[in-house]
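J.: One structure coming up, written as structure tokens, with questions to follow.
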Amino acid sequence: MSLWLVILLAGLLTFATRLSFILLHDHIKLPNWFQRGLRFVPLAVLSAIILPELATHNAALDLSLHNPQLYAGALAVLVAWRTKNVLLTILAGMVALLVFQALLRIL
Amino acid sequence: MLAPEIMNESTMPTTRGREFWRGVRDEAPILLGVAPFGLIFGALAIDAHIAVPVAQAMSSIIFAGASQIIAAQMIGTGTSGLVILLVVSVVNLRHALYSASVAPYVRHLSPGWKILLACLLTDEAYAVTITHYNQEGHPANKHWYFLGAGLTLWTTWQVSTAMGIFIGAQLPLAWSLDFVLPLTFIALVIPALKDKAGVAAAVTAALVGVLTLGFPFKTGLLVAAFLGILIGLLMEGRSK
């Protein structure tokens with residue numbers, strides 16, 4: 001299979017996945033539990049991205065006290081909870097990451 | 001379920017232009033985290049001896065970072081096309097969840113709009129758009145917000161891929177900047193946790209996500225998301 005064809009088909013398959021339920025929703029009545037479950041999709045998927053990202057340090061799982069991302073992430077959770085402000089959360093998290101990285105280097 | 005409440009909140013629909021630019025603006029912070037990934041992908045693709053037009057086309061046509069990085073590595077090691085297709089499909093399966101999640105909100109749109117928005121349905125555009133759909137305000141022109149967020153991300157992905165191809169990923173800050181991604185998701189998820197069922201869904205998904213980190217091709221993410229949703233549904237059922 002030529003590389004161009006692989007890329008094109010990979011794009012089509014990805015697009016079909018993205019379009020799947022947007023189209024299905026028009027044609028079939030989805031069961032009640034399915035519709036109730038949709039509310040949890042952003043919470044569940046994004047959380048399943050967040051924690052593994054924080055817990056992975058230098059491409060390996062690191063749940064030790066030496067992983068600065070865990071501290072910075074915990075602080076970001078606190079800031080997000082108190083302020084509900086996206087920019088403030090990012091700023092606090094990035095500053096915290098740099099500070100904790102520097103601290104861990106010294107200690 | 002949410003739509004009627006939103007209707008009652010509404011006064012006037014926000015204009016298309018304002019929705020579009022709000023989408024652009026809300027997507028902007030995430031770009032800091034996305035650009036390093038684009039650089040890394042571009043540089044990886046060249047390392048794997050992928051021709052420049054093919055590498056750029058991967059970003060324009062597939063437009064899904066994690067799957068592109070894995071595909072580039074497989075192309076570099078001479079993996080067969082069918083296996084690459086299979087892996088890309090599995091890695092990108094989570095987009096079906098996003099599709100189901102936005103489907104009720106884009107139902108009223110023309111087929112052309114649905115196709116366009118489906119093309120732009122990435123992790124990062126989905127995260128801000130679903131947050132916007134769940135917030136107050138007249139829903140009529142919110143698809144313009146989706147379009148603004150999606151196009152902003154697409155453009156950034158193309159430019160950062162090109163930079164990675166031609167300059168490489170020698171940014172010293174690159175690895176720290178990608179931390180903006182989980183931080184943005186934290187900023188979007190935490191305020192959306194409004195009841196026990198939601199918290200249970202998020203905590204379950206987060207923990208299972210870590211436990212299944214060893215699963216191949218991001219299948220752990222799918223397992224974690226499904227278990228989170230299931231626990232959310234069960235908790236909600238119990239509290240009623």
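Letters for chains follow the order of the structure tokens (A, B, ...), residue numbers begin at 1 for each chain, and ligand numbers begin at 1 in the order shown.
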May I have the residues of chain A within 6 Å of chain B, counting only C-alpha atoms, written as a PyMOL selection string?
T.: chain A and resi 1+6+10-11+15+17-19+21-22+38+40+43-45+47-48+50-52+80-81+84+86+89-90
J.: Can you tell me, as a PyMOL selection string, what residues are no more than 6 Å from region 68-79 of chain A when counting only C-alpha atoms, ignoring any on the same chain fewer than 6 positions away?
T.: chain A and resi 54+89+93+96-97+100-101
J.: Quick one, how far is CA of Leu103 (chain A) from CA of Gly38 (chain B)?
T.: 29.7 Å
J.: Just checking: using only C-alpha atoms, which residue out of B:Ala72, B:Ile40, B:Val52, B:Ala140 ends up closest to Thr15 (chain B)?
T.: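 Looking at the shortest contact to Thr15 (chain B), the residue is B:Ala140.
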J.: Got a sec to tell me which of chain A DSSP assigns to alpha helix (DSSP H), as number ranges by chain?
T.: A: 3-27, 32-37, 41-55, 68-83, 86-106
J.: Identify, with DSSP run on backbone atoms, the residues in chain A assigned to strand (DSSP E or B), and express the list as a PyMOL selection string.
T.: chain A and resi 56-57+60-61
J.: Generate the output file for the selected residues, N, CA and C atoms, as a PDB file, in the first residue's frame.
T.:
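So part35.pdb came out as:
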ATOM      1  N   THR A  56       2.956  10.871  34.553  1.00  0.00           N
ATOM      2  CA  THR A  56       4.024  10.407  33.683  1.00  0.00           C
ATOM      3  C   THR A  56       5.115  11.462  33.616  1.00  0.00           C
ATOM      4  N   HIS A  57       6.322  11.080  34.034  1.00  0.00           N
ATOM      5  CA  HIS A  57       7.427  12.022  34.090  1.00  0.00           C
ATOM      6  C   HIS A  57       8.599  11.396  33.342  1.00  0.00           C
ATOM      7  N   ALA A  60       7.882   7.928  31.903  1.00  0.00           N
ATOM      8  CA  ALA A  60       7.668   6.759  32.757  1.00  0.00           C
ATOM      9  C   ALA A  60       6.726   7.150  33.905  1.00  0.00           C
ATOM     10  N   LEU A  61       5.973   6.165  34.388  1.00  0.00           N
ATOM     11  CA  LEU A  61       5.068   6.419  35.499  1.00  0.00           C
ATOM     12  C   LEU A  61       5.883   6.802  36.742  1.00  0.00           C
TER      13      LEU A  61
END
